[in-house]
Structure formats: C-alpha cells, structure tokens
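Below is entry37.txt, which holds compact mmCIF, C-alpha atoms and all ligand atoms.
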```txt
# COMPACT_ATOMS: atom_id res chain seq x y z
CA MET A 132 133.09 151.56 90.39
CA ILE A 133 129.88 150.08 88.98
CA ASN A 134 128.46 151.22 85.68
CA VAL A 135 124.71 150.55 85.47
CA ILE A 136 123.62 150.59 81.83
CA GLY A 137 119.99 151.56 81.20
CA GLN A 138 118.32 153.96 83.64
CA GLY A 139 114.76 152.73 83.29
CA TYR A 140 112.35 150.96 85.65
CA ILE A 141 114.99 148.49 86.85
CA GLY A 142 118.36 150.13 86.21
CA LEU A 143 117.62 153.39 87.99
CA PRO A 144 116.37 151.96 91.32
CA THR A 145 119.22 149.42 91.27
CA ALA A 146 121.82 152.14 90.68
CA LEU A 147 120.30 154.22 93.49
CA MET A 148 120.34 151.28 95.92
CA LEU A 149 123.98 150.53 95.16
CA ALA A 150 124.91 154.19 95.61
CA LYS A 151 122.98 154.36 98.86
CA SER A 152 124.90 151.40 100.19
CA GLY A 153 128.17 153.22 99.57
CA LYS A 154 129.23 151.98 96.15
CA GLN A 155 130.63 154.33 93.56
CA VAL A 156 128.02 154.26 90.79
CA VAL A 157 127.58 155.76 87.34
CA GLY A 158 124.17 155.36 85.73
CA THR A 159 124.43 155.36 81.95
CA ASP A 160 121.67 155.78 79.39
CA TYR A 161 121.80 156.87 75.76
CA ASN A 162 118.71 159.02 76.26
CA GLU A 163 120.18 162.49 76.78
CA LYS A 164 116.94 164.00 78.05
CA LEU A 165 116.62 161.32 80.70
CA ILE A 166 120.22 161.76 81.85
CA GLN A 167 119.84 165.54 81.94
CA SER A 168 116.73 165.19 84.06
CA LEU A 169 118.52 162.90 86.54
CA LYS A 170 121.50 165.25 86.63
CA ASN A 171 119.10 168.06 87.46
CA GLY A 172 117.83 166.01 90.40
CA LYS A 173 114.52 165.16 88.76
CA LEU A 174 113.25 161.57 88.72
CA THR A 175 111.91 160.22 85.45
CA PHE A 176 109.09 158.05 86.81
CA GLU A 177 107.13 157.78 90.03
CA GLU A 178 107.77 154.99 92.47
CA LYS A 179 107.09 154.61 96.17
CA SER A 180 110.04 155.72 98.39
CA MET A 181 112.22 156.56 95.39
CA ASP A 182 112.43 160.30 96.16
CA GLU A 183 114.26 159.75 99.45
CA LEU A 184 116.44 157.05 97.93
CA PHE A 185 117.39 159.40 95.10
CA LYS A 186 118.42 162.10 97.57
CA GLU A 187 120.60 159.66 99.51
CA ALA A 188 122.22 158.39 96.32
CA ILE A 189 123.03 161.98 95.28
CA VAL A 190 124.61 162.67 98.67
CA ASN A 191 126.72 159.53 98.14
CA GLY A 192 127.95 160.89 94.80
CA ILE A 193 126.02 158.91 92.18
CA GLU A 194 126.76 160.18 88.67
CA PHE A 195 124.70 160.01 85.49
CA SER A 196 126.11 159.98 82.00
CA THR A 197 125.40 159.10 78.40
CA GLU A 198 128.88 157.53 78.20
CA TYR A 199 129.98 154.05 79.20
CA HIS A 200 132.76 154.10 81.80
CA LYS A 201 135.98 152.14 82.06
CA THR A 202 135.44 149.95 85.08
CA ASP A 203 135.48 146.39 86.40
CA THR A 204 131.72 145.85 86.94
CA TYR A 205 128.77 146.51 84.63
CA ILE A 206 125.09 145.89 85.17
CA ILE A 207 123.06 145.86 81.98
CA SER A 208 119.38 146.58 82.49
CA VAL A 209 118.19 147.67 79.08
CA PRO A 210 114.80 146.78 77.58
CA THR A 211 114.29 143.38 75.98
CA PRO A 212 111.18 143.99 73.91
CA TYR A 213 109.35 141.17 72.31
CA VAL A 214 108.30 141.08 68.70
CA LYS A 215 104.51 141.05 68.71
CA GLU A 216 104.14 138.98 65.55
CA SER A 217 106.67 136.23 66.27
CA LYS A 218 106.34 136.41 70.10
CA LYS A 219 110.11 136.16 70.26
CA LEU A 220 112.50 138.28 72.26
CA ASP A 221 114.33 141.07 70.50
CA PRO A 222 117.88 141.02 71.92
CA THR A 223 119.08 144.09 69.97
CA TYR A 224 119.49 146.39 72.99
CA VAL A 225 121.30 143.84 75.15
CA ILE A 226 123.64 143.01 72.28
CA SER A 227 124.42 146.64 71.57
CA ALA A 228 124.94 147.42 75.27
CA THR A 229 127.32 144.43 75.45
CA HIS A 230 129.21 145.82 72.45
CA SER A 231 129.59 149.20 74.08
CA VAL A 232 130.78 147.63 77.34
CA LEU A 233 133.39 145.59 75.47
CA GLU A 234 134.69 148.79 73.85
CA VAL A 235 135.64 150.27 77.21
CA CYS A 236 135.85 147.63 79.94
CA GLU A 237 138.94 146.65 81.91
CA LYS A 238 140.48 143.21 81.56
CA GLY A 239 138.72 140.77 83.89
CA ALA A 240 135.55 142.88 84.02
CA ILE A 241 132.29 141.37 85.26
CA LEU A 242 129.36 141.88 82.92
CA ILE A 243 126.04 141.32 84.69
CA ILE A 244 122.92 141.08 82.57
CA GLU A 245 119.79 141.90 84.58
CA SER A 246 117.40 142.34 81.67
CA THR A 247 114.95 139.47 81.31
CA VAL A 248 116.01 137.26 78.44
CA SER A 249 114.43 134.17 76.96
CA PRO A 250 116.14 130.91 77.97
CA GLY A 251 119.24 130.38 75.82
CA THR A 252 119.65 134.04 74.78
CA ILE A 253 123.01 134.48 76.49
CA ASP A 254 124.51 131.41 74.81
CA ARG A 255 122.98 132.29 71.48
CA TYR A 256 123.66 136.03 71.29
CA ILE A 257 125.92 137.34 74.06
CA ARG A 258 128.72 134.78 74.28
CA PRO A 259 129.38 134.95 70.52
CA GLU A 260 129.67 138.76 70.75
CA ILE A 261 132.38 138.44 73.36
CA GLU A 262 134.21 135.73 71.46
CA LYS A 263 133.96 137.66 68.18
CA LYS A 264 135.82 140.48 69.83
CA GLY A 265 138.65 138.05 70.58
CA TYR A 266 138.02 138.20 74.33
CA LEU A 267 138.37 135.15 76.47
CA LEU A 268 135.23 134.36 78.43
CA GLY A 269 136.04 133.74 82.06
CA GLY A 270 139.38 135.54 81.64
CA ASP A 271 139.01 138.87 79.87
CA VAL A 272 135.31 139.10 80.65
CA HIS A 273 133.10 137.27 83.16
CA LEU A 274 129.50 136.87 82.16
CA VAL A 275 126.69 136.84 84.75
CA HIS A 276 122.90 136.72 84.54
CA ALA A 277 121.18 138.18 87.60
CA PRO A 278 117.51 138.64 86.66
CA GLU A 279 115.54 141.14 88.72
CA ARG A 280 112.35 140.24 90.55
CA ILE A 281 110.95 143.53 91.74
CA ILE A 282 107.36 144.59 91.28
CA PRO A 283 106.49 148.13 90.14
CA GLY A 284 104.80 149.97 92.99
CA ASN A 285 106.94 148.25 95.63
CA MET A 286 110.33 148.18 93.96
CA ILE A 287 112.49 149.71 96.66
CA TYR A 288 111.18 147.42 99.38
CA GLU A 289 111.51 144.39 97.14
CA LEU A 290 115.07 145.24 96.06
CA GLU A 291 116.01 144.90 99.69
CA HIS A 292 113.80 141.96 100.66
CA ASN A 293 113.38 139.63 97.67
CA PRO A 294 115.73 136.69 97.30
CA ARG A 295 117.83 136.83 94.12
CA THR A 296 119.33 134.45 91.58
CA ILE A 297 122.83 134.79 90.18
CA GLY A 298 123.73 132.73 87.14
CA VAL A 299 127.48 132.36 86.50
CA ASP A 300 130.03 130.16 84.76
CA ASP A 301 132.41 130.22 87.68
CA SER A 302 131.52 130.16 91.36
CA THR A 303 134.33 132.51 92.45
CA VAL A 304 132.79 135.20 90.29
CA GLY A 305 129.41 134.16 91.71
CA GLU A 306 130.62 134.89 95.24
CA LYS A 307 131.94 138.30 94.18
CA VAL A 308 128.64 139.24 92.56
CA LYS A 309 126.73 137.90 95.55
CA GLU A 310 128.78 140.20 97.77
CA LEU A 311 127.93 143.14 95.52
CA TYR A 312 124.17 142.50 95.68
CA SER A 313 124.37 141.77 99.41
CA SER A 314 125.29 145.42 99.87
CA PHE A 315 121.57 146.20 99.59
CA CYS A 316 119.75 142.86 99.35
CA LYS A 317 119.12 141.32 102.75
CA ALA A 318 117.47 138.14 101.43
CA ASP A 319 118.80 134.80 100.24
CA ILE A 320 121.00 134.96 97.12
CA VAL A 321 121.30 131.71 95.17
CA ILE A 322 124.22 131.05 92.83
CA THR A 323 123.56 128.81 89.85
CA ASP A 324 124.52 128.52 86.18
CA ILE A 325 123.45 131.04 83.55
CA ARG A 326 120.92 128.87 81.70
CA THR A 327 119.18 127.93 84.95
CA ALA A 328 118.97 131.59 85.94
CA GLU A 329 117.42 132.49 82.58
CA MET A 330 114.93 129.68 82.76
CA SER A 331 113.86 130.20 86.38
CA LYS A 332 113.10 133.88 85.73
CA VAL A 333 110.78 133.06 82.85
CA VAL A 334 109.24 130.19 84.80
CA GLU A 335 108.37 132.52 87.71
CA ASN A 336 106.38 134.84 85.50
CA THR A 337 104.79 131.96 83.61
CA TYR A 338 103.65 130.43 86.90
CA ARG A 339 101.87 133.65 87.77
CA ASP A 340 100.31 133.96 84.32
CA VAL A 341 98.92 130.41 84.50
CA ASN A 342 97.50 131.05 87.97
CA ILE A 343 95.88 134.34 86.98
CA ALA A 344 94.39 132.55 83.96
CA PHE A 345 92.80 130.00 86.29
CA ALA A 346 91.10 132.80 88.23
CA ASN A 347 89.99 134.45 84.99
CA GLU A 348 88.54 131.22 83.66
CA LEU A 349 86.61 130.78 86.90
CA ALA A 350 85.26 134.31 86.49
CA LYS A 351 83.97 133.43 83.04
CA ILE A 352 82.34 130.21 84.25
CA CYS A 353 80.70 132.01 87.15
CA ARG A 354 79.41 134.73 84.82
CA THR A 355 77.54 132.21 82.68
CA ILE A 356 75.86 130.64 85.74
CA ASN A 357 75.46 133.91 87.59
CA MET A 358 77.55 133.05 90.61
CA ASP A 359 79.90 135.24 92.64
CA VAL A 360 83.44 134.22 91.71
CA TYR A 361 84.98 136.33 94.48
CA GLU A 362 82.96 134.58 97.16
CA ILE A 363 83.89 131.20 95.71
CA ILE A 364 87.61 132.07 95.62
CA LYS A 365 87.43 133.42 99.16
CA ILE A 366 85.93 130.18 100.42
CA ALA A 367 88.20 127.91 98.36
CA ASN A 368 91.25 129.78 99.67
CA LYS A 369 90.36 128.74 103.21
CA HIS A 370 91.67 125.33 102.22
CA PRO A 371 95.27 125.20 103.47
CA ARG A 372 96.65 124.11 100.08
CA VAL A 373 94.58 126.37 97.83
CA ASN A 374 95.61 129.91 96.91
CA ILE A 375 93.63 131.18 93.93
CA LEU A 376 94.57 134.62 92.58
CA GLN A 377 92.15 137.36 91.60
CA PRO A 378 90.42 137.61 88.22
CA GLY A 379 90.72 140.90 86.39
CA PRO A 380 90.27 142.70 83.06
CA GLY A 381 93.43 141.10 81.65
CA VAL A 382 97.13 140.82 82.29
CA GLY A 383 99.45 143.63 81.35
CA GLY A 384 102.96 144.82 82.08
CA HIS A 385 106.19 144.00 80.41
CA CYS A 386 106.75 140.71 82.20
CA ILE A 387 103.89 138.34 82.90
CA SER A 388 102.10 138.93 79.63
CA VAL A 389 105.35 138.58 77.67
CA ASP A 390 107.68 135.98 79.22
CA PRO A 391 105.41 132.92 78.77
CA TRP A 392 105.50 133.55 75.02
CA PHE A 393 109.24 132.85 75.03
CA LEU A 394 108.52 129.28 76.14
CA VAL A 395 105.62 128.93 73.70
CA GLY A 396 107.79 130.27 70.87
CA ASP A 397 110.65 127.88 71.61
CA TYR A 398 108.64 124.76 72.55
CA PRO A 399 105.36 124.99 70.65
CA ASP A 400 104.57 121.28 70.95
CA LEU A 401 105.12 121.18 74.70
CA THR A 402 103.39 124.28 75.95
CA ASN A 403 99.67 123.46 75.88
CA LEU A 404 98.86 124.72 79.35
CA ILE A 405 101.03 127.83 79.06
CA LEU A 406 99.58 128.77 75.67
CA THR A 407 96.01 128.26 76.87
CA ALA A 408 96.68 130.42 79.92
CA ARG A 409 98.06 133.19 77.70
CA LYS A 410 94.98 133.00 75.49
CA ILE A 411 92.61 133.16 78.47
CA ASN A 412 94.34 136.21 79.89
CA ASP A 413 94.46 137.87 76.47
CA SER A 414 90.74 137.24 76.08
CA MET A 415 89.79 139.18 79.20
CA PRO A 416 89.60 142.66 77.59
CA THR A 417 87.11 141.19 75.10
CA HIS A 418 85.15 139.70 78.00
CA VAL A 419 84.95 143.19 79.54
CA LEU A 420 83.86 144.58 76.20
CA LYS A 421 80.99 142.08 76.09
CA ARG A 422 80.01 143.07 79.64
CA ILE A 423 79.89 146.71 78.54
CA ARG A 424 77.73 145.80 75.55
CA ASP A 425 75.31 143.75 77.68
CA ILE A 426 74.95 146.50 80.26
CA MET A 427 74.46 149.16 77.59
CA ARG A 428 71.68 147.00 76.13
CA GLU A 429 70.10 146.38 79.51
CA HIS A 430 69.88 150.11 80.14
CA ASP A 431 69.16 151.06 76.55
CA ILE A 432 72.28 153.17 76.25
CA LYS A 433 73.32 153.39 72.62
CA ASP A 434 75.97 156.03 72.72
CA ILE A 435 79.46 154.63 73.41
CA SER A 436 80.66 158.07 74.45
CA LYS A 437 78.56 157.63 77.60
CA VAL A 438 81.02 154.92 78.66
CA GLY A 439 84.15 155.82 80.62
CA LEU A 440 87.11 153.57 81.28
CA TYR A 441 88.86 154.35 84.56
CA GLY A 442 92.56 153.42 84.50
CA LEU A 443 95.09 153.18 81.71
CA THR A 444 97.99 151.60 83.56
CA TYR A 445 98.56 147.86 83.73
CA LYS A 446 97.95 147.82 87.47
CA GLU A 447 97.14 150.00 90.46
CA ASN A 448 99.14 152.97 91.74
CA VAL A 449 101.83 152.96 89.04
CA ASP A 450 102.17 155.07 85.90
CA ASP A 451 103.29 152.21 83.65
CA THR A 452 100.89 151.58 80.74
CA ARG A 453 102.85 148.87 78.90
CA GLU A 454 100.55 146.15 77.49
CA SER A 455 97.79 147.37 79.79
CA PRO A 456 94.36 145.69 79.62
CA THR A 457 92.77 149.09 78.92
CA LEU A 458 95.02 149.65 75.91
CA GLN A 459 94.24 146.09 74.76
CA LEU A 460 90.53 146.80 75.13
CA LEU A 461 90.75 150.07 73.18
CA GLU A 462 92.62 148.24 70.43
CA ARG A 463 89.82 145.65 70.17
CA MET A 464 87.21 148.42 70.06
CA GLU A 465 89.08 150.13 67.28
CA GLU A 466 89.14 146.87 65.30
CA HIS A 467 85.33 147.00 65.46
CA LEU A 468 85.34 150.67 64.51
CA ALA A 469 83.91 151.60 67.87
CA PHE A 470 85.36 154.99 68.75
CA GLY A 471 84.50 157.56 71.36
CA VAL A 472 84.76 155.77 74.69
CA LYS A 473 86.11 158.13 77.35
CA VAL A 474 89.20 157.42 79.41
CA PHE A 475 90.77 158.75 82.59
CA ASP A 476 93.79 157.81 84.68
CA PRO A 477 95.14 160.03 87.47
CA TYR A 478 98.65 158.58 86.98
CA VAL A 479 98.88 159.17 83.24
CA LYS A 480 99.47 162.86 82.63
CA ASP A 481 100.41 162.68 78.94
CA ARG A 482 97.68 162.17 76.40
CA ILE A 483 98.24 158.68 75.01
CA VAL A 484 94.76 157.80 73.69
CA ASP A 485 91.79 159.62 72.18
CA HIS A 486 89.14 161.08 74.47
CA GLN A 487 91.48 160.97 77.45
CA PHE A 488 90.48 163.35 80.23
CA LYS A 489 92.86 165.31 82.42
CA ASN A 490 90.28 166.08 85.05
CA PHE A 491 88.37 163.42 87.00
CA GLU A 492 85.30 165.61 87.59
CA ASP A 493 84.92 166.44 83.89
CA PHE A 494 85.28 162.75 83.07
CA ILE A 495 82.65 161.63 85.59
CA ASN A 496 80.22 164.37 84.54
CA GLU A 497 80.19 163.19 80.94
CA ILE A 498 79.56 159.46 81.39
CA GLU A 499 76.78 157.13 82.47
CA ILE A 500 78.68 153.85 82.65
CA LEU A 501 81.95 153.76 84.57
CA VAL A 502 84.20 150.77 83.92
CA ILE A 503 86.81 150.36 86.64
CA MET A 504 89.79 148.79 84.89
CA VAL A 505 92.43 149.61 87.52
CA GLY A 506 91.98 149.74 91.29
CA HIS A 507 94.08 152.87 91.96
CA ASP A 508 93.80 154.23 95.52
CA HIS A 509 92.44 157.38 93.87
CA ILE A 510 89.19 155.68 92.85
CA LYS A 511 88.85 153.97 96.22
CA GLU A 512 88.99 157.42 97.79
CA ASN A 513 86.32 158.71 95.38
CA MET A 514 83.63 156.05 95.86
CA GLU A 515 81.04 158.60 97.01
CA ARG A 516 81.54 160.55 93.79
CA ILE A 517 80.78 157.59 91.50
CA LYS A 518 77.86 156.02 93.36
CA ASP A 519 75.18 157.39 91.03
CA LYS A 520 76.80 155.86 87.91
CA LEU A 521 76.27 152.45 86.41
CA ILE A 522 79.49 150.75 87.43
CA ILE A 523 81.28 147.76 85.94
CA ASP A 524 83.85 146.90 88.58
CA THR A 525 86.41 144.54 87.04
CA LYS A 526 88.66 144.78 90.11
CA ASN A 527 86.07 144.05 92.79
CA ILE A 528 86.83 147.17 94.81
CA CYS A 529 83.36 148.74 95.18
CA GLY A 530 81.82 147.68 98.45
CA PHE A 531 78.24 148.67 97.64
CA ASP A 532 75.27 146.94 95.96
CA GLY A 533 74.09 147.30 92.41
CA VAL A 534 77.55 147.17 90.87
CA TYR A 535 78.21 144.95 87.85
CA LYS A 536 81.20 142.64 88.11
CA LEU A 537 83.41 140.84 85.57
N1 LIG A 601 96.90 140.41 87.97
C1 LIG A 601 95.63 139.82 87.99
N2 LIG A 601 95.27 139.05 89.07
C2 LIG A 601 96.11 138.85 90.12
C3 LIG A 601 97.41 139.45 90.09
C4 LIG A 601 97.79 140.22 89.00
O1 LIG A 601 94.83 139.97 87.08
O2 LIG A 601 95.70 138.17 91.07
C5 LIG A 601 97.32 141.24 86.81
C6 LIG A 601 97.68 142.68 87.18
O3 LIG A 601 96.56 143.49 87.25
C7 LIG A 601 98.61 143.05 86.03
C8 LIG A 601 99.33 141.73 85.72
O4 LIG A 601 98.51 140.72 86.28
O5 LIG A 601 97.92 143.46 84.89
C9 LIG A 601 100.72 141.62 86.24
O6 LIG A 601 100.87 142.24 87.48
P1 LIG A 601 101.68 141.69 88.72
O7 LIG A 601 101.53 142.69 89.78
O8 LIG A 601 101.30 140.32 89.06
O9 LIG A 601 103.21 141.58 88.20
P2 LIG A 601 104.20 142.56 87.39
O10 LIG A 601 104.09 142.28 85.93
O11 LIG A 601 104.09 143.98 87.85
O12 LIG A 601 105.64 142.02 87.90
C10 LIG A 601 106.01 140.68 87.68
C11 LIG A 601 106.42 140.06 89.01
N3 LIG A 601 106.56 138.61 88.86
C12 LIG A 601 105.88 137.74 89.61
O13 LIG A 601 105.09 138.06 90.46
C13 LIG A 601 106.14 136.28 89.35
C14 LIG A 601 107.74 140.72 89.46
O14 LIG A 601 108.21 140.10 90.64
C15 LIG A 601 108.80 140.62 88.36
O15 LIG A 601 109.98 141.30 88.73
C16 LIG A 601 108.26 141.28 87.11
O16 LIG A 601 107.05 140.61 86.73
C17 LIG A 601 109.31 141.16 86.03
O17 LIG A 601 110.02 142.17 85.75
O18 LIG A 601 109.53 140.08 85.50
```

Can I see the file as structure tokens?
Amino acid sequence: MINVIGQGYIGLPTALMLAKSGKQVVGTDYNEKLIQSLKNGKLTFEEKSMDELFKEAIVNGIEFSTEYHKTDTYIISVPTPYVKESKKLDPTYVISATHSVLEVCEKGAILIIESTVSPGTIDRYIRPEIEKKGYLLGGDVHLVHAPERIIPGNMIYELEHNPRTIGVDDSTVGEKVKELYSSFCKADIVITDIRTAEMSKVVENTYRDVNIAFANELAKICRTINMDVYEIIKIANKHPRVNILQPGPGVGGHCISVDPWFLVGDYPDLTNLILTARKINDSMPTHVLKRIRDIMREHDIKDISKVGLYGLTYKENVDDTRESPTLQLLERMEEHLAFGVKVFDPYVKDRIVDHQFKNFEDFINEIEILVIMVGHDHIKENMERIKDKLIIDTKNICGFDGVYKL
C-alpha cells in the first residue's frame, strides 16, 4: 500500500495515477473538508482529464483519510512555502509530515519526498528528524527525493510522459522506487543521489525564470524604441540554436517565481544573473502599470475604475492564483493608494480581491480599458465582444489592429 501525504495540486493527481495503475493507495490530508469532498466523489480543483482519472481511481479502490497509515511506502507532497521576507524555504510542513510518518511506518519503509525543497534541505532538516527518533537511515527508513515536474493545466499528460529524477542513498532502493513510478510514468527515470535531485529541480525552474527574464527585458527595450518584440522573437527563433520565450506581465506560480530565490538566498555572492532575472520578472507588473497610466493619459481617462484587468490566475486555463502577476500588480497599485480597478477571471469563482466581477458581461460593460493579463481560452473565444474597448494585450493574443502591447 502507498500512503500519499498531502492531497493538493501534486499529491492528488499522483495518488490517482498510482491507483489507476492498480496500486493500493490511501490519500491523506489533514484538511477534513478536503478529504470529505474527495470521499464524496468531488474534486477539489479543476484540471484537464482529472475527472475521468478520478473515476478510474475510485473504481480501483482509492481511499482518502485524515490519518496516516501503517505501510511500507510514503509519498510526501505537502506545500513548501517560502518566507517572503527572507526568501528562504519554510520546511515546517515537510518536517511535520515526516514526523507523522515516523510515528506509524513499518520497519524498512521508504519515505519519498516529492515536495520541492531548496538544495540541502533534506540533509539539514529531514535526516536529523529520522536520527533523532533513533531510527537507522537506510535500515529502518529509506529516504528518497523524487521531485515532480508537472505543469498545471497539463498535469495528467505530463505525469505519464515527463522523465523523472529519483534521488536516493542506495541504488537498490532507487530501483524499487523507479519500478513504482514506472507503473504510470512511461518516460526515462534517472536515479541519482538526493542532493543532486534537489539541486536539479531548482535549477530547472531557475533556467526557465532566467529565460523568461530575457524575453521580458527585450520587451522593455523594444517598448522604448517602439519596435515589435514578438516579431523580433519570431524571426530570431528561426535560428536553429535560438529559442526565446514569450514576454508577459510577470512570472507567477509557486515554482518559477520562488525556486530561484533559494539559490540567491544560499549563494548571494554567486547569483548575479539569477538575481537580476528575478528582479526583471518581478518588475513586469510595474511595467504593465506604467503602460496603463500612459494609455489613460493618451486617451484622457482619469478614472481608474474604467480600467479592467482580465485574469487573476498565474497563467492560462488554470484556477491557481498563487503569486500571480495580477495579484502582484494590484499590490503595487495599493501601495500607491490607487484603488478601484475592476477585475474578472472566469476560473476564479471565489471573491479574492476588491471589485472582482462574477459576470463577464457586467465587467465589460463597466470599463473602457481592458488589460489582458492572462490568455485564457475564454477571452480568445470572446474577441468580438471586446473589440470596441481600448485593449492592453500583455499576452499577445489579440489578432487585430489598434491593440496596445506590453
Ligand atoms: N511565462 C512567461 N513566458 C513564457 C512562459 C511562461 O511569462 O514564455 C510565465 C507564465 O505566464 C507564468 C510563469 O511564467 O506566470 C510560470 O509558468 P510556466 O507555465 O512556465 O510554469 P509553472 O510554474 O506552471 O510550472 C513550472 C514548470 N517548470 C518548468 O517549466 C521548468 C513545471 O514543469 C514544474 O513542475 C513546476 O514549475 C514546479 O512545480 O516546479
């Protein structure tokens, strides 16, 4: 039996995949409401293809519980928040989940940590917990780090098709864990040591952050000289060794905008490029704000409530708002005591900010300037409806003339 601890964005789809492939799985979470919802057959967040997967997992007998179970394999996928002020990882949840596992696990149990952790976290915080308990590492408990790589919006496909990394102390355990993940993952699975697994995960997200920052910096340069950055990127990417990403209103999510800080926090003297990239990406919401101001001036619009931000999530077609560029932008506006901008997102049903509309029509009717912050399919399908507005398209999705860009 496998006990998957943490039934959030990563733990739940992973538990479902394992159950679908015939494993006996218990999904554990301390959030009673969440567990009750799953027990009632109701998913707790939206994700492509997850409904069918959930049904198959139920048929295969997946269980959900607030209790940890006595078993030989655990997968810990609890949040690893970062402390905004210090930019360091907060390992509290992983430590406490490890504690709870140690209370119940069988001798020789495999403890797999999937949560993203900053390089060195397992040596610094998890090993000592196991030793403190008097357990022998590699005998009583086997420690593994198997960081996930899936992207919200395409998680189920990527669980099956993305190569994986397994960090272990002992290769026999590595082979066992590889076999477990092979039950649903059809791609290459590399076995390495724990520190290398930690580091490569953070490096992957840092790589993307740096590359997005390059595109964003180009967008800023092109703005000052009034050139079309998208055209330039399109042409440059024809070169066989060039692959520039897309500029945007900022970088959000719980991964790319967070993980590079772990390296900056630990190696401040060595991370010039990484820190600069972070700063560029963090500056994008302010860049959008300046664009809004310029366009309001150009059209002599003085009332901020005539401006509407479309999209609250950190990227298209998901309902995840963590660290989203729109929330960053609203925060900056608030710092300048600018209140009243209107907001709409078809994926965000709960009211999480002021002046948030439930209905798209009402939202559109009340604004003059529409700022597209997220390229949801919904807005692409409603292009006709927004054509008469002044549009600031930060995602380059409007195919018609007269639209303002980043
Ligand atoms: N973005 C741009 N321009 C681009 C691509 C993305 O501005 O060309 C922005 C997005 O709009 C978004 C942010 O970057 O705000 C991040 O989005 P993303 O889709 O690139 O990635 P995430 O954060 O959803 O997921 C990442 C993935 N990592 C990499 O691509 C290296 C995913 O595979 C990881 O599993 C995930 O982080 C994680 O959990 O670490």

message: To check your reading of the model: which residues sit at most 6 Å from ligand LIG 601 (chain A) when counting all atoms listed in the file? Write the answer as number ranges by chain.
response: A: 279-283, 335-336, 339, 343, 376-379, 381-384, 386-387, 445-446

Just to be explicit: take each residue in the selection above, keep C-alpha atoms, and write the result as a tab-separated table (two decimals), keeping the file's coordinate frame.
```tsv
chain	number	residue	atom	x	y	z
A	279	GLU	CA	115.54	141.14	88.72
A	280	ARG	CA	112.35	140.24	90.55
A	281	ILE	CA	110.95	143.53	91.74
A	282	ILE	CA	107.36	144.59	91.28
A	283	PRO	CA	106.49	148.13	90.14
A	335	GLU	CA	108.37	132.52	87.71
A	336	ASN	CA	106.38	134.84	85.50
A	339	ARG	CA	101.87	133.65	87.77
A	343	ILE	CA	95.88	134.34	86.98
A	376	LEU	CA	94.57	134.62	92.58
A	377	GLN	CA	92.15	137.36	91.60
A	378	PRO	CA	90.42	137.61	88.22
A	379	GLY	CA	90.72	140.90	86.39
A	381	GLY	CA	93.43	141.10	81.65
A	382	VAL	CA	97.13	140.82	82.29
A	383	GLY	CA	99.45	143.63	81.35
A	384	GLY	CA	102.96	144.82	82.08
A	386	CYS	CA	106.75	140.71	82.20
A	387	ILE	CA	103.89	138.34	82.90
A	445	TYR	CA	98.56	147.86	83.73
A	446	LYS	CA	97.95	147.82	87.47
```

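Among the candidate residues A:Asn357, A:Asn347, A:Ser231, A:Asn496, the one lying nearest to Lys410 of chain A is A:Asn347, with distances computed using all atoms listed in the file.
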
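Nearest to Leu220 of chain A of all the residues A:Glu237, A:Asp301, A:Glu187, A:Asp397 is A:Asp397, counting all atoms listed in the file.
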
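Atom CA of Leu404 of chain A lies 14.3 Å from atom CA of Ala346 of chain A.
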
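Atom pair atom CA of Asn134 of chain A / atom CA of Tyr205 of chain A: separated by 4.8 Å.
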
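The two atoms in question, atom CA of His276 of chain A and atom CA of Glu178 of chain A, are spaced 25.0 Å apart.
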
field: Neighbour list for Tyr312 of chain A as a list in words, cut-off 12 Å, only C-alpha atoms, skip fewer than 6 positions in-chain
entry: Ile133, Thr145, Ala146, Met148, Leu149, Ala150, Ser152, Lys154, Ile206, Ile243, Glu245, Ala277, Pro278, Glu279, Leu290, Glu291, His292, Asn293, Pro294, Arg295, Thr296, Ile297, Gly305, Glu306, Ala318, Asp319, Ile320, Val321 and Ile322 of chain A

- request: Mind listing whatever residues come within 10 Å of the point (77.6, 155.0, 74.3)? Use all atoms listed in the file, file coordinates, and give them as a ChimeraX atom specification.
  value: /A:423-424,427,431-439,469-473,498-500

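The point (81.4, 142.7, 92.4) has these residues within 9 Å of it when all atoms listed in the file are used: Asp359, Val360, Tyr361, Ile523, Asp524, Thr525, Lys526, Asn527, Ile528, Cys529, Gly530, Phe531, Asp532, Gly533, Val534, Tyr535, Lys536 and Leu537 of chain A.
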
query: Near segment 265-272 of chain A, counting only C-alpha atoms, which residues have an atom at most 10 Å away, once you skip same-chain residues fewer than 6 positions from it, shown as a VMD selection string?
result: chain A and resid 203 to 204 233 236 to 242 258 to 259 299 to 301 304

message: Please determine, counting only C-alpha atoms, which residue among A:Trp392, A:Tyr478, A:Phe494, A:Phe176 has the shortest atom-to-atom distance to Pro250 of chain A.
response: A:Trp392

Step by step, gather every atom of segment 310-313 of chain A that the file lists, find the box along x, y and z that holds them, add 3 Å on each side, and finally give centre and edge lengths in Å to one decimal, as JSON.
```
{"center_x": 126.5, "center_y": 141.7, "center_z": 97.5, "size_x": 10.6, "size_y": 8.9, "size_z": 9.9}
```

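Residue nearest Leu311 of chain A within the list A:Glu198, A:Asp481, A:Gln155, A:Glu289: A:Gln155 [criterion: smallest interatomic distance, only C-alpha atoms].
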
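Candidate residues A:Leu147, A:Val395, A:Ile136, A:Ile166 were compared for distance to Val225 of chain A, and the nearest is A:Ile136, using only C-alpha atoms.
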
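If only C-alpha atoms are the atoms counted, then among A:Val275, A:Ala188, A:Ala328, A:Asn285 the closest residue to Ser302 of chain A is A:Val275.
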
Determine, for each residue of segment 257-342 of chain A having at least one atom at most 9 Å from an atom of segment 406-409 of chain A, the closest pair of atoms and their separation in Å to one decimal, counting only C-alpha atoms; order by chain and ascending number, as a tab-separated table.
```
residue	atom	partner	partner_atom	distance
A:Asp340	CA	A:Ala408	CA	6.7
A:Val341	CA	A:Ala408	CA	5.1
A:Asn342	CA	A:Ala408	CA	8.1
```
